[in-house]
Each structure stands twice: as structure tokens, then as C-alpha cells.
$ cat input-v3.txt   # compact mmCIF, C-alpha atoms
# COMPACT_ATOMS: atom_id res chain seq x y z
CA MET L 1 -1.66 -3.98 11.56
CA ASP L 2 -3.35 -5.21 14.73
CA SER L 3 -2.53 -7.54 17.63
CA PHE L 4 -2.97 -10.59 15.38
CA TYR L 5 0.01 -9.51 13.26
CA GLU L 6 3.27 -11.04 14.51
CA GLN L 7 5.45 -7.93 14.47
CA ASP L 8 8.50 -9.52 16.09
CA GLY L 9 8.56 -12.33 13.53
CA ALA L 10 8.03 -9.95 10.60
CA ARG L 11 10.77 -7.61 11.82
CA ALA L 12 13.27 -10.47 12.21
CA TRP L 13 12.34 -11.87 8.80
CA LEU L 14 12.80 -8.45 7.17
CA GLU L 15 16.24 -7.96 8.72
CA GLN L 16 17.34 -11.39 7.54
CA TYR L 17 16.03 -10.64 4.06
CA ILE L 18 17.85 -7.30 3.84
CA ALA L 19 21.11 -8.85 5.00
CA GLY L 20 20.75 -11.72 2.53
CA ARG L 21 20.03 -9.49 -0.46
CA VAL L 22 22.87 -7.08 0.34
CA GLN L 23 25.35 -9.98 0.66
CA SER L 24 24.07 -11.92 -2.37
CA GLY L 25 26.54 -10.41 -4.83
CA SER L 26 23.74 -8.95 -6.96
CA SER L 27 24.43 -5.74 -8.82
CA ASP L 28 21.09 -4.37 -7.63
CA LYS L 29 21.50 -1.15 -5.67
CA TYR L 30 20.01 -1.24 -2.19
CA LEU L 31 19.49 1.98 -0.28
CA THR L 32 21.36 0.63 2.76
CA THR L 33 24.61 0.25 0.80
CA LEU L 34 24.27 3.06 -1.77
CA ARG L 35 27.58 4.84 -2.40
CA LEU L 36 27.19 8.50 -3.28
CA ASP L 37 30.81 9.33 -4.10
CA GLN L 38 30.40 8.27 -7.75
CA LEU L 39 26.90 9.70 -8.25
CA LYS L 40 25.92 13.14 -9.46
CA VAL L 41 22.83 15.32 -9.20
CA ILE L 42 21.81 16.63 -12.64
CA LYS L 43 19.09 19.05 -13.72
CA TYR L 44 16.65 17.51 -16.22
CA GLY L 45 14.79 19.63 -18.74
CA GLU L 46 11.65 17.52 -19.27
CA PRO L 47 10.04 17.05 -16.96
CA ARG L 48 11.81 19.82 -15.11
CA SER L 49 13.48 18.25 -12.07
CA LEU L 50 16.71 17.30 -10.33
CA ARG L 51 17.83 13.66 -10.58
CA LEU L 52 20.44 11.45 -8.93
CA THR L 53 22.45 9.91 -11.79
CA GLU L 54 25.44 7.72 -12.60
CA GLU L 55 27.72 7.29 -15.57
CA VAL L 56 27.45 3.99 -17.48
CA GLU L 57 28.77 2.80 -20.83
CA GLU L 58 25.63 4.02 -22.59
CA GLY L 59 25.92 7.48 -21.02
CA ILE L 60 24.10 9.00 -18.06
CA ARG L 61 21.20 7.23 -16.40
CA GLU L 62 19.02 7.83 -13.38
CA VAL L 63 19.91 5.87 -10.26
CA GLU L 64 17.21 3.56 -8.91
CA VAL L 65 17.53 1.81 -5.56
CA ARG L 66 15.66 -0.96 -3.78
CA ILE L 67 14.01 -0.30 -0.44
CA PRO L 68 12.68 -3.40 1.40
CA GLY L 69 10.04 -2.84 4.04
CA ILE L 70 6.60 -3.72 5.38
CA ILE L 71 3.54 -1.88 4.06
CA CYS L 72 1.84 0.02 6.88
CA SER L 73 -0.28 2.35 4.71
CA LYS L 74 -1.11 2.55 1.02
CA THR L 75 -3.12 4.22 -1.74
CA LEU L 76 -2.82 2.07 -4.84
CA PRO L 77 -4.74 1.53 -8.10
CA PRO L 78 -7.20 0.82 -9.48
CA GLN L 79 -9.15 4.02 -9.01
CA GLN L 80 -12.57 2.58 -8.17
CA ARG L 81 -14.29 5.68 -6.82
CA GLU L 82 -15.21 8.95 -8.44
CA LEU L 83 -12.87 11.69 -7.32
CA CYS L 84 -13.83 14.50 -4.98
CA VAL L 85 -16.47 16.80 -6.48
CA SER L 86 -14.50 19.89 -5.47
CA VAL L 87 -11.67 18.82 -7.76
CA THR L 88 -14.04 18.51 -10.71
CA VAL L 89 -15.74 21.82 -9.99
CA LEU L 90 -12.48 23.71 -9.68
CA LEU L 91 -11.17 22.12 -12.85
CA ARG L 92 -14.32 22.96 -14.78
CA ASN L 93 -14.00 26.55 -13.63
CA SER L 94 -10.46 26.66 -14.97
CA LEU L 95 -11.68 25.42 -18.37
CA ILE L 96 -14.59 27.88 -18.51
CA ASN L 97 -12.31 30.79 -17.67
CA LYS L 98 -9.74 29.59 -20.21
CA GLY L 99 -7.18 29.84 -17.49
CA ARG L 100 -5.72 27.72 -14.77
CA SER L 101 -7.36 27.25 -11.38
CA VAL L 102 -4.41 27.10 -9.01
CA ALA L 103 -6.41 25.35 -6.29
CA GLY L 104 -7.92 22.85 -8.74
CA ASP L 105 -4.59 22.09 -10.38
CA GLU L 106 -2.93 21.54 -7.02
CA GLN L 107 -5.49 18.88 -6.09
CA VAL L 108 -5.03 17.09 -9.42
CA ARG L 109 -1.25 17.39 -9.12
CA MET L 110 -1.29 15.60 -5.75
CA LEU L 111 -3.23 12.55 -6.96
CA ARG L 112 -0.81 9.68 -6.54
CA GLN L 113 -0.12 6.00 -5.95
CA TYR L 114 1.60 5.63 -2.63
CA VAL L 115 2.97 3.27 0.02
CA LYS L 116 4.41 3.89 3.47
CA LEU L 117 7.04 1.35 4.50
CA SER L 118 8.00 0.47 8.07
CA GLY L 119 10.63 -1.75 9.57
CA LEU L 120 8.60 -2.10 12.79
CA GLY L 121 11.64 -0.96 14.74
CA SER L 122 14.29 -2.77 12.68
CA SER L 123 17.69 -1.15 13.15
CA MET L 124 18.69 -2.05 9.59
CA PHE L 125 15.60 -0.32 8.23
CA GLU L 126 16.11 2.75 10.40
CA GLY L 127 19.66 2.97 9.04
CA MET L 128 18.13 3.93 5.70
CA GLY L 129 17.08 7.21 7.29
CA GLU L 130 20.73 8.24 7.60
CA LYS L 131 21.33 7.32 3.97
CA ILE L 132 18.38 9.49 2.89
CA LYS L 133 19.94 12.41 4.78
CA GLU L 134 23.15 11.87 2.79
CA ILE L 135 21.14 11.92 -0.45
CA TRP L 136 19.41 15.14 0.59
CA GLN L 137 22.84 16.68 1.22
CA ALA L 138 23.99 15.56 -2.24
CA PHE L 139 20.98 17.28 -3.80
CA SER L 140 21.65 20.42 -1.78
CA ASN L 141 25.25 20.46 -2.99
CA GLY L 142 24.22 19.87 -6.61
CA ALA L 143 21.30 22.31 -6.79
CA GLY L 144 23.41 25.40 -7.44
CA GLN L 145 21.57 28.55 -6.37
CA ALA L 146 18.36 26.62 -5.70
CA SER L 147 17.46 25.22 -2.29
CA ILE L 148 16.16 21.76 -1.40
CA LEU L 149 13.30 21.58 1.06
CA ASP L 150 13.77 19.19 3.97
CA ILE L 151 12.49 15.69 3.34
CA VAL L 152 10.21 14.68 6.21
CA PHE L 153 8.59 11.30 6.84
CA LYS L 154 5.89 10.81 9.45
CA ALA L 155 6.59 7.93 11.82
CA TYR L 156 4.39 4.84 11.99
CA ASP L 157 3.49 3.63 15.48
CA GLY L 158 6.43 5.61 16.84
CA GLU L 159 8.94 4.01 14.45
CA PHE L 160 10.80 5.42 11.45
CA ALA L 161 8.94 4.95 8.15
CA ILE L 162 9.56 5.84 4.49
CA ASP L 163 6.98 7.29 2.09
CA ALA L 164 7.31 6.36 -1.58
CA HIS L 165 4.90 7.64 -4.20
CA THR L 166 4.39 8.45 -7.86
CA ARG L 167 2.06 11.16 -9.08
CA TYR L 168 -0.58 10.14 -11.58
CA PHE L 169 0.09 13.21 -13.74
CA THR L 170 2.94 15.40 -14.94
CA ASP L 171 2.53 19.15 -15.38
CA ARG L 172 2.35 19.86 -19.10
CA ARG L 173 4.26 23.10 -18.60
CA HIS L 174 7.21 21.13 -17.19
CA ALA L 175 7.25 18.71 -20.16
CA PRO L 176 5.92 20.59 -23.21
CA SER L 177 7.38 18.18 -25.79
CA LEU L 178 6.16 14.97 -24.12
CA LYS L 179 3.00 13.37 -25.45
CA HIS L 180 0.11 12.28 -23.25
CA GLU L 181 -0.41 8.51 -23.12
CA ASP L 182 -3.61 6.66 -22.31
CA ILE L 183 -3.90 5.69 -18.66
CA PRO L 184 -3.96 1.86 -18.43
CA THR L 185 -7.35 0.36 -17.58
CA SER L 186 -5.66 -1.55 -14.76
CA VAL L 187 -5.05 1.83 -13.13
CA ASP L 188 -8.17 3.77 -14.19
CA PRO L 189 -10.86 1.27 -15.26
CA HIS L 190 -13.75 3.74 -14.94
CA ARG L 191 -11.85 6.77 -16.35
CA PHE L 192 -12.26 8.71 -13.11
CA LEU L 193 -8.67 9.95 -13.28
CA ASP L 194 -8.89 10.85 -16.94
CA SER L 195 -12.08 12.84 -16.34
CA VAL L 196 -10.32 15.31 -13.99
CA ARG L 197 -6.98 15.49 -15.84
CA GLY L 198 -7.88 18.60 -17.80
CA PRO L 199 -5.59 20.46 -20.22
CA ASN L 200 -2.76 21.14 -17.80
CA PHE L 201 -1.59 17.59 -17.10
CA ILE L 202 -0.37 14.55 -19.02
CA TYR L 203 0.22 10.88 -18.20
CA THR L 204 3.63 9.53 -19.28
CA GLN L 205 6.04 6.73 -18.40
CA GLU L 206 7.20 9.04 -15.61
CA ASN L 207 3.83 8.38 -13.94
CA SER L 208 3.82 4.62 -14.49
CA VAL L 209 4.50 2.08 -11.72
CA GLU L 210 5.17 -1.63 -12.30
CA TYR L 211 3.62 -4.12 -9.87
CA CYS L 212 5.17 -7.57 -9.60
CA GLU L 213 6.03 -10.48 -7.30
CA GLN L 214 9.05 -12.70 -6.81
CA VAL L 215 8.58 -16.16 -8.28
CA GLU L 216 10.16 -19.44 -7.22
CA GLU L 217 9.47 -22.90 -8.62
CA GLU L 218 10.66 -26.22 -7.17
CA GLY L 219 13.46 -24.62 -5.22
CA SER L 220 14.87 -22.71 -8.17
CA ILE L 221 13.91 -19.21 -9.19
CA ARG L 222 12.04 -19.02 -12.51
CA HIS L 223 12.26 -15.97 -14.78
CA VAL L 224 8.83 -14.70 -15.71
CA TYR L 225 8.97 -10.92 -15.76
CA MET L 226 11.82 -8.56 -16.58
CA ALA L 227 11.89 -6.31 -13.54
CA PRO L 228 14.27 -3.38 -13.05
CA PHE L 229 17.92 -4.33 -12.47
CA HIS L 230 17.60 -7.88 -13.83
CA HIS L 231 20.96 -9.14 -15.06
CA PRO L 232 21.05 -12.61 -16.69
CA GLY L 233 23.37 -15.05 -14.99
CA LEU L 234 23.34 -13.38 -11.59
CA ASN L 235 21.77 -14.88 -8.51
CA VAL L 236 18.83 -12.47 -8.36
CA PRO L 237 15.09 -13.02 -7.96
CA ARG L 238 12.77 -13.26 -10.99
CA TYR L 239 9.44 -11.53 -11.20
CA GLN L 240 6.00 -11.68 -12.74
CA ALA L 241 3.42 -8.93 -13.08
CA ILE L 242 0.50 -8.88 -10.63
CA SER L 243 -2.42 -6.59 -9.91
CA PRO L 244 -1.79 -3.72 -7.49
CA GLU L 245 -4.93 -4.87 -5.66
CA GLN L 246 -2.94 -7.82 -4.28
CA PHE L 247 -0.79 -5.56 -2.10
CA GLN L 248 -2.13 -5.15 1.41
CA VAL L 249 -1.01 -3.68 4.72
CA GLY L 250 1.36 -6.14 6.41
CA ASP L 251 3.00 -7.45 3.22
CA VAL L 252 6.79 -7.48 2.98
CA VAL L 253 7.74 -5.69 -0.25
CA GLU L 254 10.53 -4.02 -2.14
CA VAL L 255 10.10 -0.57 -3.63
CA VAL L 256 12.30 0.29 -6.58
CA ALA L 257 12.66 4.06 -6.26
CA ALA L 258 14.42 7.08 -7.68
CA PHE L 259 15.21 10.25 -5.76
CA VAL L 260 13.75 13.22 -7.62
CA GLY L 261 13.69 16.91 -6.82
CA TYR L 262 10.45 18.46 -8.09
CA PRO L 263 9.92 22.22 -8.53
CA ALA L 264 8.29 23.70 -5.43
CA GLY L 265 8.49 27.41 -6.16
CA ARG L 266 11.05 29.86 -7.43
CA ASP L 267 14.54 28.39 -6.97
CA GLN L 268 13.16 25.68 -4.72
CA TYR L 269 12.82 21.91 -5.07
CA VAL L 270 11.21 19.28 -2.89
CA LEU L 271 12.97 15.90 -2.70
CA LYS L 272 10.73 12.84 -3.07
CA VAL L 273 11.23 9.07 -3.00
CA THR L 274 9.59 8.33 -6.35
CA MET L 275 8.24 4.80 -6.77
CA ARG L 276 9.11 3.10 -10.08
CA SER L 277 7.96 -0.42 -9.17
CA LEU L 278 6.52 -2.30 -6.22
CA CYS L 279 7.46 -5.94 -5.73
CA MET L 280 5.77 -8.44 -3.43
CA VAL L 281 8.33 -10.39 -1.41
CA THR L 282 5.99 -12.30 0.92
CA ALA L 283 2.41 -12.00 2.19
CA GLN L 284 3.04 -14.72 4.80
CA PHE L 285 2.69 -12.58 7.92
CA ARG L 286 -0.41 -10.78 6.70
CA GLN L 287 -2.07 -14.08 5.75
CA GLU L 288 -1.19 -15.73 9.06
CA ALA L 289 -2.63 -12.72 10.90
CA ALA L 290 -5.84 -13.06 8.88
CA GLU L 291 -6.08 -16.74 9.85
CA ARG L 292 -5.59 -15.96 13.55
CA ARG L 293 -8.14 -13.15 13.33
CA HIS L 294 -10.68 -15.44 11.65
CA ALA L 295 -10.12 -18.21 14.22
CA PHE L 296 -10.50 -15.75 17.09
CA HIS L 297 -13.80 -14.33 15.82
CA HIS L 298 -15.09 -17.82 14.98
CA ASN L 299 -14.31 -19.05 18.51
CA ALA L 300 -15.81 -15.91 20.03
CA SER L 301 -18.99 -16.41 18.00
CA GLN L 302 -19.17 -20.06 19.04
CA MET L 303 -18.73 -19.17 22.73
CA SER L 304 -21.45 -16.55 22.43
CA SER L 305 -23.83 -19.11 20.89
CA ASP L 306 -23.07 -21.61 23.68
CA LYS L 307 -23.73 -19.00 26.37
CA GLU L 308 -27.01 -18.02 24.71
CA GLY L 309 -28.12 -21.66 24.66
CA LYS L 310 -27.28 -22.11 28.35
CA ARG L 311 -29.12 -18.90 29.22
CA ARG L 312 -32.26 -20.07 27.45
CA ARG L 313 -32.18 -23.42 29.22
CA ALA L 314 -31.66 -21.65 32.54
CA VAL L 315 -34.88 -19.61 32.24
CA GLU L 316 -37.17 -22.52 31.31
CA PRO L 317 -39.92 -22.79 34.08
CA THR L 318 -39.65 -25.58 36.68
CA TYR L 319 -42.20 -26.30 39.41
CA SER L 320 -41.82 -27.43 43.01
CA GLY L 321 -43.79 -27.24 46.30
CA PRO L 322 -47.12 -25.38 46.10
CA LEU L 323 -46.67 -24.57 42.42
CA LEU L 324 -46.20 -28.24 41.62
CA ARG L 325 -49.34 -29.19 43.65
CA ARG L 326 -51.33 -26.45 41.91
CA GLN L 327 -50.16 -27.77 38.52
CA LYS L 328 -51.28 -31.31 39.51
CA LEU L 329 -54.71 -30.07 40.73
CA THR L 330 -55.18 -28.13 37.50
CA SER L 331 -54.27 -31.16 35.42
CA GLN L 332 -56.69 -33.34 37.49
CA ALA L 333 -59.53 -30.83 37.00
CA VAL L 334 -58.97 -30.88 33.24
CA GLU L 335 -59.15 -34.68 33.22
CA ASN L 336 -62.37 -34.69 35.30
CA THR L 337 -63.94 -32.22 32.88
CA ARG L 338 -63.02 -34.42 29.93
CA GLY L 339 -64.58 -37.47 31.75
CA MET L 340 -67.84 -35.68 32.40
CA SER L 341 -68.05 -34.57 28.79
CA THR L 342 -67.59 -38.16 27.62
CA GLU L 343 -70.36 -39.50 29.91
CA ALA L 344 -72.77 -36.81 28.74
CA SER L 345 -72.17 -37.65 25.11
CA GLU L 346 -72.78 -41.34 25.72
CA THR L 347 -76.08 -40.61 27.48
$ encode --input "input-v3.txt" --output "C-alpha cells"
Amino acid sequence: MDSFYEQDGARAWLEQYIAGRVQSGSSDKYLTTLRLDQLKVIKYGEPRSLRLTEEVEEGIREVEVRIPGIICSKTLPPQQRELCVSVTVLLRNSLINKGRSVAGDEQVRMLRQYVKLSGLGSSMFEGMGEKIKEIWQAFSNGAGQASILDIVFKAYDGEFAIDAHTRYFTDRRHAPSLKHEDIPTSVDPHRFLDSVRGPNFIYTQENSVEYCEQVEEEGSIRHVYMAPFHHPGLNVPRYQAISPEQFQVGDVVEVVAAFVGYPAGRDQYVLKVTMRSLCMVTAQFRQEAAERRHAFHHNASQMSSDKEGKRRRAVEPTYSGPLLRRQKLTSQAVENTRGMSTEASET
């Protein structure tokens, strides 16, 4: 985001949106108001992990929360470029040796779809940081003998920010009974991801992210796409699927996320905000910034053209005094020469 992006307006709009959604009466869980007293951290077998869960009529289910924010950085599908050669080389070596290249596997393991959300200094957004600390404490209490590594987010422009991501692949050794699924062409159109996957990783629903946008029609919200947490009859937004390419830095979005503890060594887990879906709320501020940027560069180009025209006119030669008399004498000599030539031809 640059100087053309109206940060004050976007921050105020985001705070109003968060307050409105929290007070709407929807059963959607927002991170700002998440209550942990009725939730429990449970160890999952496949893929091996720790999950924040709740009891419902159907049994135990993973808790997913909504996190509104403004995209300040992203790495999203589709994968349009061939992946780093070093990854391929290391992976090939692991296949040739019939073993597992630790360095190669680690690079493949870290391939992900990712967004960093900022509130641009919003106090309501920064309050989510305290809630994440409470969640980390809940995982620490529920991990038994294992320890939970500190969850650390790098700030954006000096302000608190939240990283949410989903890995493209799951370790096969952590989910031996799960079957690999084809990676959607919307994610991997040129099969670059599939070409480096190798034998040690699989793609499952755990690695899938839904991309959608809120839809309104003639003042009323129209149901197009069944997004997470939709409950018929409640005053909640409706959604339709869109391409991940439509998400850009500066867009106001909602991330639907789960908190997952992934194995990070013997008796250690690392807590991650795992993205399940990404929803476009509004691209208004990004689009308005683009319009202002275009107008600025257009005006700057026009001013440069005007200055160039004036400069050219300024250097055109003008004559006065002796130079003007010399020009007149030269012109008169040319005319006399032409007269003499005409008389000669007539003779």
C-alpha cells in the first residue's frame, strides 16, 4: 500500500465492519469474541496435530473463526511459475537414493498459500493479538508433556499483523491412511506443484482453501455459495466462489481459520493460524487508490509533455539587430542571383 491508499478511511471502515458483524446476532465465531471456556484442545491422529475443538450435537468438531482484516502481503494461487530448481534437484536426489532428503522435503513442506492481514493501527484488530495469546495458552495447557512454540507475527509498517496460511501438502507419514487427491487446476494449472510433490507428500482437503466474495443484490443479500458457518434464516452474508487471483493487497477480507498445532520436533508443536477460506468483503479502497494513482501519473505525463513543447518553442531561432540585417542581405543576394539567371536564359 502506498500514499494513494486511504489508510484512515480503510481503518475506520474495517472497525465499523467488525463491530457490525459481531453485533449482528450471527452464530459465526469471530476471533474478537471467541470464548475459550467451552473449547478443548484435542490431539488428532491423522494428520498428526493438535486442534481447538468444541462439542456439538453431532459430536466433536474443529473450531473455525473469522478474522477480518486488510491484505498487506500475500502468496496465493494459481502457481504460474516453475518452482525453485534447488527444490527439484534435492527431491530428485531423495528419489534416486530411495530415501528422504531432509532439506528437499523441508522446502516442499513449506510451500503454502498465505495472506498477512493488518488493521492499519485499528485498536479492534490489535485486540485479536490478546485473544491469540489466550489460544496459545489453551494449547499449552492441553498439550500434556509436549510444548507449544511461541506464535510470532511480524509487524506490518510498525503495526500488529496476523499471518494466515495453508500448506499445499501434508506429510504422508503423518496421515498414512489418507489418499492423495488431484490438485485443482485453479491452483496448479501447469502442474508445477505436482511435479515437486514426490513420494513423501499428499494433497488432501486439509490443504484446500475456498475463495469467495460476499454478494448483495438490490439491497438484499442473495445466496449463491455455501460458505463456512452459513445458517439458513440468519442475517448473515451470502457468498459466491471467485478466483484467488482477484485478491490484491489493500482489499478488506475475512479469513476463516482454524488454530492447529503441527509437529515441530520431538514433543514439540508449532501453533499456526490455518486458513480454510478467504472471503472478499470489499475492494473499494484498493480500487480508489488505483484510480488516484492512474490520475496522478496521467497528469504528470501531461505536464511533462506540456513542458517539453514549451522548451522546444523556446529554442527556436529568432533574429534581431545585425543578425536580422545579415539575413536580409543574404535573402537579397539570393533574389539577385535568381534575376541574373533568368535574364541569361532569355538572352
$ residues_around --input "input-v3.txt" --residues "L:Thr185" --least-positions-apart "3" --cutoff "10 Å" --atoms "all atoms listed in the file" --output "list in words"
Pro77, Pro78, Gln79, Asp182, Asp188, Pro189, His190 and Arg191 of chain L
$ axis_aligned_box --input "input-v3.txt" --around "stretch 252-267 of chain L" --padding-each-side "5 Å" --output "JSON"
{"center_x": 11.0, "center_y": 11.2, "center_z": -2.8, "size_x": 18.4, "size_y": 47.3, "size_z": 21.5}
$ closest_residue --input "input-v3.txt" --among "L:Pro47, L:Gly144, L:Gly9, L:Gly69" --to "L:Val281" --atoms "all atoms listed in the file"
L:Gly69
$ atom_distance --input "input-v3.txt" --atom1 "atom CA of L:Thr274" --atom2 "atom CA of L:Asp2"
28.2 Å
$ atom_distance --input "input-v3.txt" --atom1 "atom CA of L:Cys72" --atom2 "atom CA of L:Thr204"
27.9 Å
$ atom_distance --input "input-v3.txt" --atom1 "atom CA of L:Ala241" --atom2 "atom CA of L:Glu213"
6.5 Å
$ closest_atom_pairs --input "input-v3.txt" --of "stretch 10-101 of chain L" --to "stretch 105-126 of chain L" --cutoff "7 Å" --atoms "all atoms listed in the file" --output "Markdown table"
| residue | atom | partner | partner_atom | distance |
| --- | --- | --- | --- | --- |
| L:Arg11 | CA | L:Leu120 | CA | 6.0 |
| L:Glu15 | CA | L:Met124 | CA | 6.5 |
| L:Gly69 | CA | L:Leu117 | CA | 5.2 |
| L:Ile70 | CA | L:Leu117 | CA | 5.2 |
| L:Ile71 | CA | L:Leu117 | CA | 4.8 |
| L:Cys72 | CA | L:Lys116 | CA | 5.8 |
| L:Ser73 | CA | L:Lys116 | CA | 5.1 |
| L:Lys74 | CA | L:Val115 | CA | 4.3 |
| L:Thr75 | CA | L:Tyr114 | CA | 5.0 |
| L:Leu76 | CA | L:Gln113 | CA | 4.9 |
| L:Pro77 | CA | L:Gln113 | CA | 6.8 |
| L:Val87 | CA | L:Gln107 | CA | 6.4 |
| L:Ser101 | CA | L:Asp105 | CA | 5.9 |
$ residues_around --input "input-v3.txt" --residues "stretch 20-36 of chain L" --least-positions-apart "5" --cutoff "6 Å" --atoms "all atoms listed in the file" --output "ChimeraX atom specification"
/L:65-67,128,229
$ write_last_selection --input "input-v3.txt" --atoms "C-alpha atoms" --output "short mmCIF file (atom, residue, chain, number, x, y, z; two decimals), keeping the file's coordinate frame"
data_model
loop_
_atom_site.label_atom_id
_atom_site.label_comp_id
_atom_site.auth_asym_id
_atom_site.auth_seq_id
_atom_site.Cartn_x
_atom_site.Cartn_y
_atom_site.Cartn_z
CA VAL L 65 17.53 1.81 -5.56
CA ARG L 66 15.66 -0.96 -3.78
CA ILE L 67 14.01 -0.30 -0.44
CA MET L 128 18.13 3.93 5.70
CA PHE L 229 17.92 -4.33 -12.47
#
$ closest_residue --input "input-v3.txt" --among "L:Thr166, L:Ser301, L:Gln268, L:Gln240" --to "L:Val256" --atoms "only C-alpha atoms"
L:Thr166
$ residues_around --input "input-v3.txt" --residues "L:Leu39" --least-positions-apart "5" --cutoff "12 Å" --atoms "all atoms listed in the file" --output "short mmCIF file (atom, residue, chain, number, x, y, z; two decimals) with C-alpha atoms, in the coordinates of the input"
data_model
loop_
_atom_site.label_atom_id
_atom_site.label_comp_id
_atom_site.auth_asym_id
_atom_site.auth_seq_id
_atom_site.Cartn_x
_atom_site.Cartn_y
_atom_site.Cartn_z
CA LEU L 34 24.27 3.06 -1.77
CA ARG L 51 17.83 13.66 -10.58
CA LEU L 52 20.44 11.45 -8.93
CA THR L 53 22.45 9.91 -11.79
CA GLU L 54 25.44 7.72 -12.60
CA GLU L 55 27.72 7.29 -15.57
CA VAL L 56 27.45 3.99 -17.48
CA ILE L 60 24.10 9.00 -18.06
CA ARG L 61 21.20 7.23 -16.40
CA GLU L 62 19.02 7.83 -13.38
CA VAL L 63 19.91 5.87 -10.26
CA GLU L 64 17.21 3.56 -8.91
CA GLU L 134 23.15 11.87 2.79
CA ILE L 135 21.14 11.92 -0.45
CA ALA L 138 23.99 15.56 -2.24
CA PHE L 139 20.98 17.28 -3.80
CA GLY L 142 24.22 19.87 -6.61
CA PHE L 259 15.21 10.25 -5.76
#
$ closest_residue --input "input-v3.txt" --among "L:Val215, L:Ile18, L:Met303, L:Ile132" --to "L:Cys279" --atoms "only C-alpha atoms"
L:Val215
$ residues_around --input "input-v3.txt" --residues "L:Ser49" --least-positions-apart "6" --cutoff "6 Å" --atoms "only C-alpha atoms" --output "compact mmCIF listing (two decimals) with C-alpha atoms, in the coordinates of the input"
# COMPACT_ATOMS: atom_id res chain seq x y z
CA LYS L 43 19.09 19.05 -13.72
CA GLY L 261 13.69 16.91 -6.82
CA TYR L 262 10.45 18.46 -8.09
$ closest_residue --input "input-v3.txt" --among "L:Ile183, L:Ser177, L:Ser147, L:Trp13" --to "L:Ser195" --atoms "all atoms listed in the file"
L:Ile183
